[in-house]
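Next comes structure.txt, a file with compact mmCIF, C-alpha atoms.
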# COMPACT_ATOMS: atom_id res chain seq x y z
CA MET A 1 116.95 121.65 102.90
CA VAL A 2 115.93 123.92 105.78
CA GLN A 3 112.17 123.67 105.34
CA PRO A 4 111.95 119.85 105.34
CA ARG A 5 114.17 119.68 108.40
CA LEU A 6 111.97 122.15 110.26
CA LEU A 7 108.91 120.10 109.35
CA GLU A 8 110.62 116.91 110.49
CA ARG A 9 111.57 118.51 113.79
CA ALA A 10 108.04 119.80 114.30
CA LYS A 11 106.63 116.35 113.51
CA PHE A 12 109.08 114.69 115.88
CA PHE A 13 108.26 117.18 118.66
CA PHE A 14 104.51 116.68 118.18
CA PHE A 15 104.62 112.89 118.39
CA ARG A 16 107.15 112.87 121.20
CA HIS A 17 104.93 115.12 123.35
CA PHE A 18 101.64 113.92 121.91
CA GLU A 19 99.99 113.21 125.27
CA ARG A 20 100.71 116.65 126.72
CA ILE A 21 99.74 118.47 123.55
CA PHE A 22 96.55 116.44 123.32
CA VAL A 23 95.50 117.30 126.87
CA LEU A 24 96.20 120.99 126.30
CA LEU A 25 94.15 120.95 123.09
CA LEU A 26 91.25 119.28 124.88
CA VAL A 27 91.28 121.87 127.65
CA PHE A 28 91.56 124.69 125.13
CA ALA A 29 88.68 123.27 123.07
CA MET A 30 86.54 122.89 126.18
CA VAL A 31 87.20 126.47 127.28
CA ALA A 32 86.60 127.83 123.76
CA ILE A 33 83.32 125.97 123.35
CA HIS A 34 81.98 127.10 126.69
CA ALA A 35 83.15 130.67 126.13
CA PHE A 36 81.93 131.29 122.59
CA VAL A 37 79.28 128.69 121.77
CA GLU A 38 75.74 129.09 122.99
CA GLN A 39 74.45 125.62 122.08
CA LYS A 40 77.04 123.81 124.16
CA PHE A 41 75.24 120.49 124.35
CA ALA A 42 75.18 120.18 120.56
CA PHE A 43 78.98 120.41 120.47
CA LEU A 44 79.49 117.34 122.66
CA SER A 45 79.79 115.29 119.46
CA PHE A 46 82.94 117.26 118.68
CA TYR A 47 84.85 115.20 121.25
CA TYR A 48 84.49 112.01 119.22
CA LEU A 49 87.16 113.31 116.84
CA PRO A 50 89.84 113.71 119.55
CA MET A 51 88.94 110.25 120.86
CA ILE A 52 89.54 108.74 117.43
CA LEU A 53 92.90 110.52 117.20
CA ALA A 54 93.82 109.46 120.73
CA GLY A 55 93.04 105.84 119.94
CA PHE A 56 94.89 105.85 116.63
CA TYR A 57 98.06 107.54 117.86
CA GLY A 58 98.07 106.75 121.57
CA GLY A 59 96.53 103.31 121.79
CA ARG A 60 93.69 101.84 123.80
CA ARG A 61 94.83 102.83 127.29
CA PHE A 62 95.55 106.44 126.37
CA ALA A 63 92.23 106.77 124.52
CA VAL A 64 90.25 105.48 127.50
CA LEU A 65 92.08 107.82 129.87
CA ALA A 66 91.48 110.72 127.48
CA GLY A 67 87.79 109.82 127.35
CA LEU A 68 87.56 109.79 131.13
CA PHE A 69 89.34 113.15 131.21
CA VAL A 70 86.86 114.68 128.75
CA VAL A 71 83.90 113.26 130.65
CA ALA A 72 85.32 114.71 133.88
CA LEU A 73 85.68 118.16 132.27
CA VAL A 74 82.14 118.07 130.90
CA ALA A 75 80.82 116.90 134.27
CA PHE A 76 82.63 119.78 135.94
CA TYR A 77 81.05 122.34 133.61
CA GLN A 78 77.65 120.75 134.07
CA SER A 79 77.97 120.96 137.83
CA VAL A 80 79.12 124.60 137.73
CA GLN A 81 77.08 126.33 135.01
CA GLY A 82 75.19 123.66 133.08
CA LEU A 83 75.18 122.59 129.43
CA ASP A 84 72.03 124.17 127.98
CA MET A 85 70.31 122.95 131.13
CA LEU A 86 70.26 123.71 134.81
CA PRO A 87 73.54 123.09 136.67
CA GLY A 88 73.89 119.93 138.72
CA PHE A 89 73.21 116.24 138.27
CA TYR A 90 69.57 115.23 138.20
CA GLY A 91 67.48 112.82 136.17
CA ASP A 92 67.34 114.65 132.85
CA ALA A 93 71.00 115.67 132.99
CA LEU A 94 72.18 112.14 133.74
CA LEU A 95 69.92 110.71 131.03
CA ALA A 96 71.45 113.09 128.49
CA LEU A 97 75.11 112.81 129.50
CA THR A 98 75.51 109.16 130.52
CA PRO A 99 74.95 107.59 127.05
CA TRP A 100 77.21 110.21 125.47
CA ALA A 101 79.98 109.55 127.99
CA GLY A 102 79.69 105.78 127.56
CA PHE A 103 79.85 105.88 123.77
CA LEU A 104 82.71 108.39 123.88
CA ILE A 105 84.87 106.10 126.02
CA LEU A 106 83.80 103.06 123.98
CA THR A 107 84.86 104.83 120.77
CA GLY A 108 88.33 105.48 122.14
CA TYR A 109 88.60 101.88 123.37
CA VAL A 110 87.59 100.35 120.03
CA VAL A 111 89.78 102.64 117.90
CA GLY A 112 92.72 102.13 120.25
CA THR A 113 92.33 98.35 120.11
CA LEU A 114 92.22 98.35 116.31
CA ALA A 115 95.23 100.67 116.14
CA GLU A 116 97.25 98.42 118.46
CA GLN A 117 96.36 95.34 116.40
CA ARG A 118 97.41 97.17 113.24
CA GLN A 119 100.69 98.22 114.85
CA THR A 120 101.37 94.65 115.92
CA ARG A 121 100.86 93.36 112.38
CA LEU A 122 103.12 96.09 110.99
CA GLY A 123 105.76 95.16 113.54
CA ASP A 124 105.60 91.53 112.46
CA VAL A 125 106.08 92.52 108.82
CA LYS A 126 109.03 94.79 109.68
CA ASN A 127 110.67 92.08 111.77
CA ALA A 128 110.23 89.62 108.92
CA TYR A 129 111.92 91.77 106.29
CA LEU A 130 114.68 92.78 108.73
CA ALA A 131 115.34 89.09 109.39
CA ILE A 132 115.53 88.48 105.64
CA LEU A 133 118.00 91.35 105.24
CA GLU A 134 120.15 90.01 108.08
CA LEU A 135 120.24 86.56 106.50
CA LEU A 136 121.07 88.14 103.14
CA THR A 137 124.00 90.11 104.52
CA TYR A 138 125.31 87.09 106.42
CA HIS A 139 125.18 85.08 103.20
CA ILE A 140 126.94 87.79 101.17
CA GLU A 141 129.64 88.32 103.79
CA SER A 142 130.20 84.59 104.30
CA THR A 143 132.47 84.58 101.23
CA GLU A 144 134.99 86.72 103.12
CA ARG A 145 136.04 85.44 106.52
CA THR A 146 136.97 88.84 107.91
CA GLN A 147 133.66 90.37 106.79
CA GLN A 148 131.37 87.85 108.46
CA GLY A 149 128.76 89.64 110.56
CA HIS A 150 130.23 93.07 109.84
CA SER A 151 127.04 94.68 108.51
CA ASN A 152 124.97 93.27 111.37
CA ARG A 153 127.39 94.63 113.95
CA VAL A 154 127.42 98.02 112.22
CA ALA A 155 123.61 98.02 112.30
CA GLU A 156 123.56 97.20 116.02
CA VAL A 157 126.07 99.91 116.89
CA ALA A 158 124.39 102.50 114.65
CA VAL A 159 120.93 101.89 116.11
CA ALA A 160 122.30 102.05 119.65
CA MET A 161 123.96 105.38 118.82
CA ALA A 162 120.75 106.70 117.27
CA ARG A 163 118.84 105.77 120.42
CA GLU A 164 121.47 107.58 122.46
CA LEU A 165 120.82 110.69 120.34
CA ARG A 166 117.04 110.16 120.72
CA LEU A 167 116.26 110.01 117.03
CA PRO A 168 112.70 109.19 115.94
CA GLU A 169 111.76 105.53 115.53
CA GLU A 170 111.43 105.98 111.77
CA ASP A 171 115.06 107.12 111.56
CA LEU A 172 116.13 104.13 113.63
CA GLU A 173 114.43 101.74 111.22
CA ASN A 174 115.89 103.42 108.14
CA LEU A 175 119.33 103.49 109.73
CA ARG A 176 119.22 99.81 110.61
CA VAL A 177 118.26 98.82 107.06
CA ALA A 178 120.88 101.15 105.58
CA ALA A 179 123.57 99.70 107.83
CA LEU A 180 122.63 96.15 106.86
CA LEU A 181 122.90 97.04 103.16
CA HIS A 182 125.67 99.64 103.24
CA GLU A 183 128.35 97.26 101.94
CA VAL A 184 126.12 96.08 99.09
CA GLY A 185 124.73 99.51 98.26
CA THR A 186 128.06 101.29 97.99
CA ARG A 187 129.50 98.57 95.76
CA ASP A 188 126.52 97.84 93.54
CA GLN A 189 124.57 100.92 92.46
CA ARG A 190 121.80 98.74 91.05
CA LEU A 191 120.42 98.33 94.57
CA LEU A 192 120.24 102.10 95.02
CA ARG A 193 118.54 102.55 91.66
CA LEU A 194 116.00 99.90 92.59
CA LEU A 195 115.18 101.43 95.95
CA SER A 196 115.23 105.01 94.68
CA GLY A 197 112.95 104.10 91.79
CA SER A 198 110.48 102.59 94.22
CA VAL A 199 109.31 106.10 95.11
CA THR A 200 107.46 106.47 91.81
CA ASP A 201 107.44 102.99 90.28
CA PRO A 202 104.46 100.92 91.48
CA ALA A 203 106.14 97.77 90.19
CA VAL A 204 108.48 97.76 93.20
CA ALA A 205 105.97 98.60 95.90
CA VAL A 206 107.66 96.31 98.43
CA ALA A 207 110.90 98.26 98.15
CA ARG A 208 109.11 101.57 98.64
CA VAL A 209 109.25 101.15 102.41
CA MET A 210 113.05 101.13 102.14
CA ARG A 211 113.51 104.39 100.27
CA GLY A 212 114.61 106.16 103.47
CA ALA A 213 117.39 103.62 103.84
CA ALA A 214 118.29 104.04 100.17
CA GLN A 215 118.78 107.77 100.69
CA ILE A 216 121.12 107.10 103.61
CA ILE A 217 123.16 104.59 101.59
CA SER A 218 123.30 106.93 98.61
CA GLU A 219 124.66 109.84 100.66
CA TYR A 220 127.03 107.57 102.58
CA GLY A 221 128.48 106.38 99.27
CA HIS A 222 129.88 109.90 98.76
CA TYR A 223 130.65 110.58 102.42
CA TYR A 224 134.44 110.44 102.24
CA GLU A 225 134.45 112.54 99.08
CA ILE A 226 132.85 115.40 101.03
CA VAL A 227 134.40 115.32 104.49
CA GLY A 228 138.01 116.08 105.22
CA GLU A 229 140.45 118.30 107.06
CA ASP A 230 139.47 121.36 105.03
CA TRP A 231 135.82 121.32 106.06
CA ASP A 232 133.97 121.49 109.34
CA ILE A 233 131.69 118.48 109.20
CA GLU A 234 129.06 120.21 111.31
CA ALA A 235 128.62 122.75 108.50
CA LEU A 236 128.07 120.12 105.82
CA PRO A 237 124.45 119.35 104.84
CA LEU A 238 124.63 115.68 105.83
CA PRO A 239 121.76 113.96 107.65
CA VAL A 240 122.57 112.83 111.16
CA THR A 241 121.78 109.25 110.17
CA VAL A 242 124.58 109.32 107.58
CA LYS A 243 127.00 110.71 110.18
CA ILE A 244 126.03 107.94 112.60
CA LEU A 245 126.51 105.26 109.96
CA ALA A 246 129.98 106.61 109.13
CA VAL A 247 131.10 106.44 112.76
CA ALA A 248 129.62 102.99 113.38
CA ASP A 249 131.11 101.60 110.17
CA ALA A 250 134.56 103.02 110.92
CA PHE A 251 134.46 101.72 114.49
CA GLU A 252 133.58 98.19 113.40
CA THR A 253 135.92 98.20 110.39
CA LEU A 254 138.88 99.08 112.59
CA GLN A 255 138.14 95.99 114.67
CA MET A 256 138.50 93.74 111.61
CA ALA A 257 141.89 92.38 110.56
CA THR A 258 143.08 93.13 107.03
CA PRO A 259 146.02 91.82 104.98
CA VAL A 260 148.04 94.91 105.94
CA ARG A 261 147.18 95.33 109.63
CA ALA A 262 145.90 93.48 112.66
CA ALA A 263 142.50 94.10 114.19
CA PHE A 264 142.28 97.03 116.59
CA PRO A 265 141.10 96.32 120.13
CA LYS A 266 137.80 97.99 120.91
CA TRP A 267 139.24 100.89 122.90
CA SER A 268 142.00 101.51 120.37
CA ALA A 269 139.38 101.61 117.62
CA LEU A 270 137.38 104.09 119.66
CA GLU A 271 140.45 106.29 120.13
CA GLU A 272 141.09 106.27 116.38
CA VAL A 273 137.53 107.37 115.69
CA GLU A 274 137.78 110.11 118.30
CA LYS A 275 140.83 111.52 116.53
CA GLY A 276 138.59 112.38 113.59
CA ALA A 277 135.88 114.07 115.67
CA GLY A 278 134.91 117.44 114.23
CA LYS A 279 136.51 116.79 110.85
CA THR A 280 135.92 113.30 109.51
CA PHE A 281 133.23 112.40 112.03
CA ALA A 282 130.49 114.44 113.69
CA ASN A 283 131.08 115.31 117.33
CA ASP A 284 127.61 114.22 118.44
CA ALA A 285 127.99 110.85 116.73
CA VAL A 286 131.40 110.27 118.32
CA ARG A 287 130.05 111.16 121.77
CA ALA A 288 127.18 108.74 121.23
CA LEU A 289 129.65 106.01 120.28
CA ARG A 290 131.69 106.71 123.40
CA SER A 291 128.55 106.34 125.51
CA VAL A 292 127.44 103.16 123.74
CA ALA A 293 130.90 101.56 123.73
CA GLY A 294 131.22 102.10 127.47
CA ARG A 295 128.16 99.99 128.21
CA PRO A 296 128.46 96.25 128.77
CA GLU A 297 124.91 95.83 127.51
CA VAL A 298 122.48 97.99 125.53
CA SER A 299 118.84 97.94 126.64
CA GLY A 300 116.03 97.03 124.27
CA GLY A 301 117.78 94.03 122.78
CA VAL A 302 119.51 96.16 120.16
CA MET A 303 123.03 95.11 121.04
CA GLN A 304 124.30 92.69 123.64
CA GLU A 305 127.88 93.93 123.50
CA LEU A 306 130.38 95.52 121.18
CA ARG A 307 132.45 92.58 120.08
CA VAL A 308 136.04 92.66 118.94
CA VAL A 309 136.57 90.75 115.70

Written as structure tokens, that's how I'd like the structure from this file.
Amino acid sequence: MVQPRLLERAKFFFFRHFERIFVLLLVFAMVAIHAFVEQKFAFLSFYYLPMILAGFYGGRRFAVLAGLFVVALVAFYQSVQGLDMLPGFYGDALLALTPWAGFLILTGYVVGTLAEQRQTRLGDVKNAYLAILELLTYHIESTERTQQGHSNRVAEVAVAMARELRLPEEDLENLRVAALLHEVGTRDQRLLRLLSGSVTDPAVAVARVMRGAAQIISEYGHYYEIVGEDWDIEALPLPVTVKILAVADAFETLQMATPVRAAFPKWSALEEVEKGAGKTFANDAVRALRSVAGRPEVSGGVMQELRVV
């Protein structure tokens, strides 16, 4: 359990600070090449690789800026000590460096444009299947008046809490899908078997993108069998996404009327959840809920308000 979490944290740190790390790597590469390589001009082609990475991960604008930064560094070295030629900018130097600089920036621009178009198409696909899941949960919950919209509200609260805790975008997507399906998944294990089997079964390739959500639902199905007064929840090996889902689900469930009790007002529901902080619910998740519940509106269109059912 420890090794995967360390890798996930390292991956999250890298992509979160990608721009800064990228600039440092470029400077380090430039210094290393000019310190240890004699044929410096031949190594100018090396910079096409960082431009491709910058375009793919950072987009068109970042790739162009990175290209300009590299060109500026190379121009600085050429003006100071020269790249296998005399220092300064004269006819031969400009004839050698100008085409290279132009194609370098153009490479970043083209790769960045293609990457942004790809990301847009992926976003459209994700929005489409999320819309289908929302319609599915509305249809399933329409048979019970008190349940109508419950899963959607849990998803909105959970995603807002995850943003408050600054979780990676991938975790936000998995958490949203898991929250939409948490009522179905915990009642009907066939859904979990389908999604879990998608990891190795090519026959359910569409469901493979939801295996992260399936893992959250699976662990949440046993959540209340693990937590309790006898255990410190912070010491339990539960993913933070599962802890967030538990808090969001409890908060929204308390606001629904049942045959044996009336619906809790929002602040009363929040107080009930806070009573379980540190035992039934994770402290960080409860603090995130407190922050989210205190806002009249959540930015990013995730949640307009926390409604009382």

Point to revise | Distance in Å - atom CA of Ile52 of chain A versus atom CA of Thr107 of chain A | key: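 Taking atom CA of Ile52 of chain A as the start and atom CA of Thr107 of chain A as the end point, the length is 7.0 Å.
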
Point to revise | Top pick for closest residue to Arg287 of chain A, considering A:Arg261, A:Lys243, A:Asp171, A:Pro237 and counting all atoms listed in the file | key: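 Under the stated criterion, the closest residue is A:Lys243.
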
**Study point:** Selection: 10 Å around segment 71-82 of chain A, only C-alpha atoms, excl. self and same-chain fewer than 6 positions, as a PyMOL selection string
**Key:** chain A and resi 26-27+30-31+34+40-41+44+47+65+88-89+93-94+97-98+100-102+104-105

Check your understanding: Within 12 Å of Arg118 of chain A, counting only C-alpha atoms, which residues qualify if same-chain residues fewer than 5 places away don't, as a ChimeraX atom specification?
Key -> /A:55-57,59,111-113,123-125

Exercise for review: Determine the nearest neighbour of Glu170 of chain A from the options A:Leu289, A:Ala35, A:Met210, A:Tyr223, counting all atoms listed in the file.
Suggested key: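 Looking only at the distances to Glu170 of chain A, the closest residue turns out to be A:Met210.
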
Check your understanding: Given the choices A:Thr258, A:Ser45, A:Asn174, A:Asn283, which gets closest to Thr241 of chain A if the distance is worked out from all atoms listed in the file?
Key ->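 Of A:Thr258, A:Ser45, A:Asn174, A:Asn283, the one nearest Thr241 of chain A is A:Asn174, counting all atoms listed in the file.
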
Review point. Expressed in Å to a single decimal, how great is the separation between atom CA of Ala96 of chain A and atom CA of Val37 of chain A?
Key: 18.7 Å

Practice item. Counting all atoms listed in the file, select every polymer residue within 10 Å of (115.0, 95.4, 111.0) as defined in the file's coordinates, and provide the selection as a PyMOL selection string. Key: chain A and resi 123+125-134+155+172-178+180

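Each of A:Leu181, A:Leu236, A:Ala293, A:Ala115 was checked against Trp267 of chain A using only C-alpha atoms; the smallest atom-to-atom distance is that of A:Ala293.
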
Review point. What gap, in Å, lies between atom CA of Phe281 of chain A and atom CA of Gln255 of chain A?
Key: 17.3 Å

Check your understanding: If we count all atoms listed in the file, what is near Asp232 of chain A at a cut-off of 10 Å, once residues fewer than 5 positions away on the same chain are taken out, given as a PyMOL selection string?
Key -> chain A and resi 227+277-282

Save the residues we just selected, C-alpha atoms, as a short mmCIF file (atom, residue, chain, number, x, y, z; two decimals), in the coordinates of the input?
data_model
loop_
_atom_site.label_atom_id
_atom_site.label_comp_id
_atom_site.auth_asym_id
_atom_site.auth_seq_id
_atom_site.Cartn_x
_atom_site.Cartn_y
_atom_site.Cartn_z
CA VAL A 227 134.40 115.32 104.49
CA ALA A 277 135.88 114.07 115.67
CA GLY A 278 134.91 117.44 114.23
CA LYS A 279 136.51 116.79 110.85
CA THR A 280 135.92 113.30 109.51
CA PHE A 281 133.23 112.40 112.03
CA ALA A 282 130.49 114.44 113.69
#

Check your understanding: Out of A:Arg166, A:Arg16, A:Ala63, A:Leu83, which residue has the shortest atom-to-atom distance to Ala42 of chain A when counting all atoms listed in the file?
Key -> A:Leu83
